Amino acid sequence: MSLGRRINLLVRLSRSPQFTNRRYMSTCVASATLARYPLGKDLSWLPRNPKPTLEDVNPADHVMMRPVSLLFRVLTMIELSDVDGAVELARLSVLKDVRRHHDTILICNAVIGAMCQGKRYEEGIALFHYFFNENNMVPNIVSFNHVIKAFCELGRVDDALQLYRHAARFGADKETFSVLTQALVDAYGYREAGIFVGLSRCLAIDWTPMLIEIRGRLDQMNAEDAGDYFHKNRLEYDDDDSAEVFKSIATIFVEYWFKHGSEEKAMECYSSIRTWESLPATTGNTLLRLLLAHGKEVEAGALFEVKAKDLFHTMLKKHKRFDSETVNIMVDYWFEIGEFNKAMETFNESQQGSKRMVRCYSNVIARLCERGMMSEAEGLFEDMCSDKDLSPPPHVSTFRSMVNGYVRAGRVDDAVKTSKKLAILKLRKVSIYED
């Protein structure tokens, strides 16, 4: 990106409504006559989504067109991996009787997001065009984020930046800035990413773009410069006001030193974190994963395992400083090295009290089924299904783990019974919602 283009981009971004009217940023609603949102110069590559009519809907299925009913049917089909079927249903949301309901945007975003998550980016972008350009429906920032990320994944950063100009008025959030910052770092280098780093800090949205920029800088540094750069960041952020930020920065340097084979410097960075009291779960999870992964690669792995266990138990003591990923990282490690008893001890320890997590149950059940330990998996699965206080209910993936485990064990009848339980659960979910 040339200097002239960078200046023009910065001028355009500086004129964004985010700089001139913060209140407008969070409350804006587009009118039906708003100009089309740009998706590149040539739209001929977009798959066509024909608009349905009332004649396309079976009279017996008109109840399905109620927005709430339609939403939960679409979500259920996505959960059951029938994304194409969900899209066919979601297309009904453009009809006059449906589109006025507040749940309509959730339907649109659900199918766009499902397409993009499945790396079917062009189809996701085509749905955005269908809903918000061809049928003048009202998007929100989530809608834009899906497509901006899709453009970035396709390497079309300029198209992503052009679409951002329209997304900004809908309240660009940390996801918007993080995706664009990473895309600019990958495409043009960390210097170009400073545009969005400055925007996110100016609007006090999130520190993530700055962390992405730091990682981008490090990738272009030698070991000596990296040490100086860490010292500079420590002087600037290692204080009470920026404690959480410094922990995240230090984690990036821990990763850098491990990557370059310097365990001593990595642990110096790790030790530079003065207190774990305010450690965010995401930062702790990254450190935990780094320690365990590196511990399997070197002879002195036991030292890193001890550090990881200490970190895990420290996080576990703070209700808001760990999440299901924290537990799953540690459980997966024990399973990978064959320590099944330690894996179950870790799981049981983490599920004490009120913080019982469905994702932890699902993960342990999946690990047990993979190893043919079906009696242990059955016990946890029954507990999970019968616990009325556990919310949300078991995921589809958990049922699939059980079915696959039964099939591998030759217990076909049990596999069929579990599949029927899943079908009943899904039917109940989509039948109880009424307008």
# chains A, B, ... in the order shown; residues from 1 in each chain; ligands from 1

call {"tool": "residues_around", "arguments": {"residues": "stretch 246-259 of chain A", "least_positions_apart": "3", "cutoff": "6 Å", "atoms": "only C-alpha atoms", "output": "PyMOL selection string"}}
result
chain A and resi 237-238+243+262-263+266+269+283

call {"tool": "write_last_selection", "arguments": {"atoms": "N, CA and C atoms", "output": "short mmCIF file (atom, residue, chain, number, x, y, z; two decimals), in the first residue's frame"}}
result
data_model
loop_
_atom_site.label_atom_id
_atom_site.label_comp_id
_atom_site.auth_asym_id
_atom_site.auth_seq_id
_atom_site.Cartn_x
_atom_site.Cartn_y
_atom_site.Cartn_z
N TYR A 237 3.98 -0.23 30.30
CA TYR A 237 2.71 -0.83 30.71
C TYR A 237 2.76 -1.60 32.03
N ASP A 238 3.94 -1.83 32.59
CA ASP A 238 3.99 -2.64 33.81
C ASP A 238 3.73 -1.78 35.04
N ALA A 243 -2.12 -3.25 34.24
CA ALA A 243 -1.67 -4.59 34.64
C ALA A 243 -2.14 -5.67 33.67
N SER A 262 14.45 -20.29 23.05
CA SER A 262 15.11 -19.72 24.23
C SER A 262 14.19 -19.86 25.43
N GLU A 263 14.25 -21.05 26.07
CA GLU A 263 13.37 -21.31 27.22
C GLU A 263 13.68 -20.36 28.38
N ALA A 266 12.10 -17.06 27.77
CA ALA A 266 10.65 -17.24 27.84
C ALA A 266 10.18 -17.24 29.29
N CYS A 269 10.29 -13.80 30.92
CA CYS A 269 9.09 -13.03 30.58
C CYS A 269 7.91 -13.51 31.41
N THR A 283 -5.71 -14.73 28.51
CA THR A 283 -4.26 -14.67 28.66
C THR A 283 -3.73 -15.90 29.40
#

call {"tool": "residues_around", "arguments": {"residues": "A:Gly295", "least_positions_apart": "6", "cutoff": "12 Å", "atoms": "only C-alpha atoms", "output": "ChimeraX atom specification"}}
result
/A:258,263,288-289,301-309,333,337

call {"tool": "write_last_selection", "arguments": {"atoms": "N, CA and C atoms", "output": "PDB file, in the first residue's frame"}}
result
ATOM      1  N   PHE A 258       9.796 -18.923  23.186  1.00  0.00           N
ATOM      2  CA  PHE A 258       9.649 -20.368  23.013  1.00  0.00           C
ATOM      3  C   PHE A 258       9.829 -20.751  21.543  1.00  0.00           C
ATOM      4  N   GLU A 263      14.247 -21.053  26.071  1.00  0.00           N
ATOM      5  CA  GLU A 263      13.372 -21.311  27.220  1.00  0.00           C
ATOM      6  C   GLU A 263      13.678 -20.363  28.382  1.00  0.00           C
ATOM      7  N   LEU A 288      -1.032 -21.193  29.576  1.00  0.00           N
ATOM      8  CA  LEU A 288      -1.189 -22.600  29.947  1.00  0.00           C
ATOM      9  C   LEU A 288      -0.893 -23.501  28.747  1.00  0.00           C
ATOM     10  N   ARG A 289      -1.429 -23.131  27.606  1.00  0.00           N
ATOM     11  CA  ARG A 289      -1.214 -23.924  26.390  1.00  0.00           C
ATOM     12  C   ARG A 289       0.264 -23.910  25.987  1.00  0.00           C
ATOM     13  N   GLY A 301      10.850 -31.039  30.314  1.00  0.00           N
ATOM     14  CA  GLY A 301       9.407 -30.812  30.249  1.00  0.00           C
ATOM     15  C   GLY A 301       8.715 -30.849  31.595  1.00  0.00           C
ATOM     16  N   ALA A 302       9.238 -31.602  32.533  1.00  0.00           N
ATOM     17  CA  ALA A 302       8.604 -31.702  33.853  1.00  0.00           C
ATOM     18  C   ALA A 302       8.502 -30.342  34.522  1.00  0.00           C
ATOM     19  N   LEU A 303       9.514 -29.499  34.324  1.00  0.00           N
ATOM     20  CA  LEU A 303       9.497 -28.163  34.912  1.00  0.00           C
ATOM     21  C   LEU A 303       8.308 -27.358  34.377  1.00  0.00           C
ATOM     22  N   PHE A 304       8.073 -27.444  33.076  1.00  0.00           N
ATOM     23  CA  PHE A 304       6.974 -26.686  32.476  1.00  0.00           C
ATOM     24  C   PHE A 304       5.622 -27.263  32.889  1.00  0.00           C
ATOM     25  N   GLU A 305       5.590 -28.576  33.083  1.00  0.00           N
ATOM     26  CA  GLU A 305       4.352 -29.196  33.548  1.00  0.00           C
ATOM     27  C   GLU A 305       4.000 -28.703  34.949  1.00  0.00           C
ATOM     28  N   VAL A 306       4.991 -28.604  35.809  1.00  0.00           N
ATOM     29  CA  VAL A 306       4.762 -28.094  37.169  1.00  0.00           C
ATOM     30  C   VAL A 306       4.265 -26.649  37.121  1.00  0.00           C
ATOM     31  N   LYS A 307       4.927 -25.827  36.292  1.00  0.00           N
ATOM     32  CA  LYS A 307       4.505 -24.435  36.144  1.00  0.00           C
ATOM     33  C   LYS A 307       3.061 -24.362  35.652  1.00  0.00           C
ATOM     34  N   ALA A 308       2.724 -25.220  34.688  1.00  0.00           N
ATOM     35  CA  ALA A 308       1.368 -25.219  34.136  1.00  0.00           C
ATOM     36  C   ALA A 308       0.341 -25.617  35.197  1.00  0.00           C
ATOM     37  N   LYS A 309       0.660 -26.639  35.987  1.00  0.00           N
ATOM     38  CA  LYS A 309      -0.275 -27.071  37.038  1.00  0.00           C
ATOM     39  C   LYS A 309      -0.468 -25.971  38.083  1.00  0.00           C
ATOM     40  N   TYR A 333      -4.499 -32.331  27.906  1.00  0.00           N
ATOM     41  CA  TYR A 333      -3.077 -32.655  28.103  1.00  0.00           C
ATOM     42  C   TYR A 333      -2.941 -34.000  28.806  1.00  0.00           C
ATOM     43  N   ILE A 337      -1.221 -37.661  27.188  1.00  0.00           N
ATOM     44  CA  ILE A 337      -0.061 -38.408  27.706  1.00  0.00           C
ATOM     45  C   ILE A 337      -0.493 -39.666  28.467  1.00  0.00           C
TER      46      ILE A 337
END

call {"tool": "closest_residue", "arguments": {"among": "A:Ile141, A:Lys317, A:Lys96, A:Glu244", "to": "A:Glu349", "atoms": "only C-alpha atoms"}}
result
A:Lys317

call {"tool": "atom_distance", "arguments": {"atom1": "atom CA of A:Pro280", "atom2": "atom CA of A:Met210"}}
result
16.5 Å

call {"tool": "residues_around", "arguments": {"residues": "A:Thr282", "least_positions_apart": "2", "cutoff": "10 Å", "atoms": "only C-alpha atoms", "output": "list in words"}}
result
Ser248, Leu279, Pro280, Gly284, Asn285, Thr286, Leu287, Leu288, Arg321, Phe322, Asp323, Glu325 and Thr326 of chain A

call {"tool": "residues_around", "arguments": {"residues": "stretch 386-402 of chain A", "least_positions_apart": "3", "cutoff": "10 Å", "atoms": "only C-alpha atoms", "output": "PyMOL selection string"}}
result
chain A and resi 76+79-81+354-359+361-370+374+377-378+380-383+405-408+414-415+418-419+421-423+425-426

call {"tool": "closest_residue", "arguments": {"among": "A:Asp103, A:Glu123, A:Gly85, A:His294", "to": "A:Leu71", "atoms": "only C-alpha atoms"}}
result
A:Asp103

call {"tool": "atom_distance", "arguments": {"atom1": "atom CA of A:Pro209", "atom2": "atom CA of A:Tyr270"}}
result
21.8 Å

call {"tool": "residues_around", "arguments": {"residues": "A:Ala172", "least_positions_apart": "2", "cutoff": "10 Å", "atoms": "only C-alpha atoms", "output": "PyMOL selection string"}}
result
chain A and resi 18+25-26+140-142+144-145+164-170+174-177+200+205

call {"tool": "write_last_selection", "arguments": {"atoms": "N, CA and C atoms", "output": "tab-separated table (two decimals), in the first residue's frame"}}
result
chain	number	residue	atom	x	y	z
A	18	GLN	N	-17.69	7.49	13.82
A	18	GLN	CA	-17.20	7.11	15.15
A	18	GLN	C	-16.41	8.24	15.80
A	25	MET	N	-23.10	6.20	16.69
A	25	MET	CA	-22.42	4.95	16.38
A	25	MET	C	-23.16	3.76	16.94
A	26	SER	N	-23.74	3.86	18.11
A	26	SER	CA	-24.34	2.70	18.76
A	26	SER	C	-25.84	2.59	18.52
A	140	ASN	N	-26.56	-5.29	10.90
A	140	ASN	CA	-25.93	-4.72	12.09
A	140	ASN	C	-24.43	-5.02	12.01
A	141	ILE	N	-23.69	-4.66	13.01
A	141	ILE	CA	-22.24	-4.80	12.92
A	141	ILE	C	-21.81	-6.26	12.81
A	142	VAL	N	-22.60	-7.17	13.38
A	142	VAL	CA	-22.27	-8.60	13.26
A	142	VAL	C	-22.32	-9.03	11.80
A	144	PHE	N	-21.75	-7.20	9.15
A	144	PHE	CA	-20.56	-6.69	8.49
A	144	PHE	C	-19.31	-7.46	8.89
A	145	ASN	N	-19.21	-7.79	10.16
A	145	ASN	CA	-18.01	-8.49	10.64
A	145	ASN	C	-17.82	-9.83	9.92
A	164	TYR	N	-15.74	-1.67	5.34
A	164	TYR	CA	-15.63	-1.10	6.68
A	164	TYR	C	-16.17	0.33	6.73
A	165	ARG	N	-15.97	1.10	5.68
A	165	ARG	CA	-16.44	2.49	5.67
A	165	ARG	C	-17.94	2.56	5.91
A	166	HIS	N	-18.68	1.54	5.46
A	166	HIS	CA	-20.12	1.50	5.68
A	166	HIS	C	-20.44	0.86	7.03
A	167	ALA	N	-19.59	-0.06	7.46
A	167	ALA	CA	-19.83	-0.74	8.74
A	167	ALA	C	-19.61	0.19	9.92
A	168	ALA	N	-18.73	1.19	9.77
A	168	ALA	CA	-18.35	2.04	10.90
A	168	ALA	C	-19.55	2.71	11.55
A	169	ARG	N	-20.51	3.12	10.73
A	169	ARG	CA	-21.67	3.84	11.29
A	169	ARG	C	-22.57	2.94	12.12
A	170	PHE	N	-22.39	1.62	12.00
A	170	PHE	CA	-23.19	0.68	12.79
A	170	PHE	C	-22.50	0.33	14.11
A	174	LYS	N	-14.72	-4.54	18.67
A	174	LYS	CA	-13.37	-5.12	18.77
A	174	LYS	C	-13.14	-6.20	17.73
A	175	GLU	N	-14.20	-6.92	17.34
A	175	GLU	CA	-14.05	-7.93	16.29
A	175	GLU	C	-13.67	-7.26	14.97
A	176	THR	N	-14.35	-6.16	14.63
A	176	THR	CA	-14.06	-5.44	13.40
A	176	THR	C	-12.60	-5.01	13.35
A	177	PHE	N	-12.16	-4.33	14.41
A	177	PHE	CA	-10.80	-3.80	14.44
A	177	PHE	C	-9.76	-4.91	14.49
A	200	SER	N	-8.84	2.01	17.58
A	200	SER	CA	-9.37	1.25	18.71
A	200	SER	C	-8.99	1.89	20.04
A	205	ILE	N	-11.98	0.93	22.68
A	205	ILE	CA	-12.76	-0.27	22.39
A	205	ILE	C	-12.08	-1.52	22.93

call {"tool": "residues_around", "arguments": {"residues": "A:Gly40", "least_positions_apart": "6", "cutoff": "10 Å", "atoms": "only C-alpha atoms", "output": "ChimeraX atom specification"}}
result
/A:151,156,158-160,162-163

call {"tool": "closest_residue", "arguments": {"among": "A:Leu316, A:Met384, A:Leu311, A:Met221", "to": "A:Tyr190", "atoms": "only C-alpha atoms"}}
result
A:Met221

call {"tool": "residues_around", "arguments": {"residues": "A:Phe196", "least_positions_apart": "5", "cutoff": "10 Å", "atoms": "only C-alpha atoms", "output": "ChimeraX atom specification"}}
result
/A:10,13,176-182,184,201-202,209-210,213

call {"tool": "write_last_selection", "arguments": {"atoms": "N, CA and C atoms", "output": "PDB file, in the first residue's frame"}}
result
ATOM      1  N   LEU A  10      -6.429   6.920   5.876  1.00  0.00           N
ATOM      2  CA  LEU A  10      -6.486   7.524   7.204  1.00  0.00           C
ATOM      3  C   LEU A  10      -7.457   8.698   7.225  1.00  0.00           C
ATOM      4  N   LEU A  13     -10.980   7.272   7.241  1.00  0.00           N
ATOM      5  CA  LEU A  13     -11.329   6.707   8.542  1.00  0.00           C
ATOM      6  C   LEU A  13     -11.545   7.802   9.580  1.00  0.00           C
ATOM      7  N   THR A 176     -14.351  -6.158  14.633  1.00  0.00           N
ATOM      8  CA  THR A 176     -14.058  -5.436  13.396  1.00  0.00           C
ATOM      9  C   THR A 176     -12.602  -5.008  13.350  1.00  0.00           C
ATOM     10  N   PHE A 177     -12.162  -4.330  14.407  1.00  0.00           N
ATOM     11  CA  PHE A 177     -10.800  -3.799  14.436  1.00  0.00           C
ATOM     12  C   PHE A 177      -9.756  -4.906  14.486  1.00  0.00           C
ATOM     13  N   SER A 178     -10.032  -5.977  15.219  1.00  0.00           N
ATOM     14  CA  SER A 178      -9.067  -7.074  15.322  1.00  0.00           C
ATOM     15  C   SER A 178      -8.866  -7.760  13.980  1.00  0.00           C
ATOM     16  N   VAL A 179      -9.962  -8.034  13.280  1.00  0.00           N
ATOM     17  CA  VAL A 179      -9.875  -8.708  11.990  1.00  0.00           C
ATOM     18  C   VAL A 179      -9.118  -7.849  10.981  1.00  0.00           C
ATOM     19  N   LEU A 180      -9.444  -6.557  10.920  1.00  0.00           N
ATOM     20  CA  LEU A 180      -8.794  -5.678   9.956  1.00  0.00           C
ATOM     21  C   LEU A 180      -7.323  -5.437  10.309  1.00  0.00           C
ATOM     22  N   THR A 181      -7.027  -5.318  11.585  1.00  0.00           N
ATOM     23  CA  THR A 181      -5.629  -5.155  11.994  1.00  0.00           C
ATOM     24  C   THR A 181      -4.800  -6.358  11.581  1.00  0.00           C
ATOM     25  N   GLN A 182      -5.302  -7.557  11.860  1.00  0.00           N
ATOM     26  CA  GLN A 182      -4.574  -8.778  11.485  1.00  0.00           C
ATOM     27  C   GLN A 182      -4.399  -8.867   9.981  1.00  0.00           C
ATOM     28  N   LEU A 184      -4.244  -6.390   7.789  1.00  0.00           N
ATOM     29  CA  LEU A 184      -3.246  -5.422   7.337  1.00  0.00           C
ATOM     30  C   LEU A 184      -1.828  -5.868   7.692  1.00  0.00           C
ATOM     31  N   ARG A 201      -7.770   2.449  20.127  1.00  0.00           N
ATOM     32  CA  ARG A 201      -7.344   3.097  21.369  1.00  0.00           C
ATOM     33  C   ARG A 201      -8.056   4.431  21.544  1.00  0.00           C
ATOM     34  N   CYS A 202      -8.264   5.147  20.428  1.00  0.00           N
ATOM     35  CA  CYS A 202      -8.954   6.438  20.484  1.00  0.00           C
ATOM     36  C   CYS A 202     -10.371   6.259  21.014  1.00  0.00           C
ATOM     37  N   PRO A 209      -6.119  -5.054  18.911  1.00  0.00           N
ATOM     38  CA  PRO A 209      -5.350  -4.589  17.743  1.00  0.00           C
ATOM     39  C   PRO A 209      -3.912  -4.222  18.086  1.00  0.00           C
ATOM     40  N   MET A 210      -3.689  -3.612  19.251  1.00  0.00           N
ATOM     41  CA  MET A 210      -2.325  -3.280  19.643  1.00  0.00           C
ATOM     42  C   MET A 210      -1.492  -4.538  19.847  1.00  0.00           C
ATOM     43  N   GLU A 213      -0.467  -5.882  16.552  1.00  0.00           N
ATOM     44  CA  GLU A 213       0.620  -5.072  15.996  1.00  0.00           C
ATOM     45  C   GLU A 213       1.954  -5.464  16.644  1.00  0.00           C
TER      46      GLU A 213
END
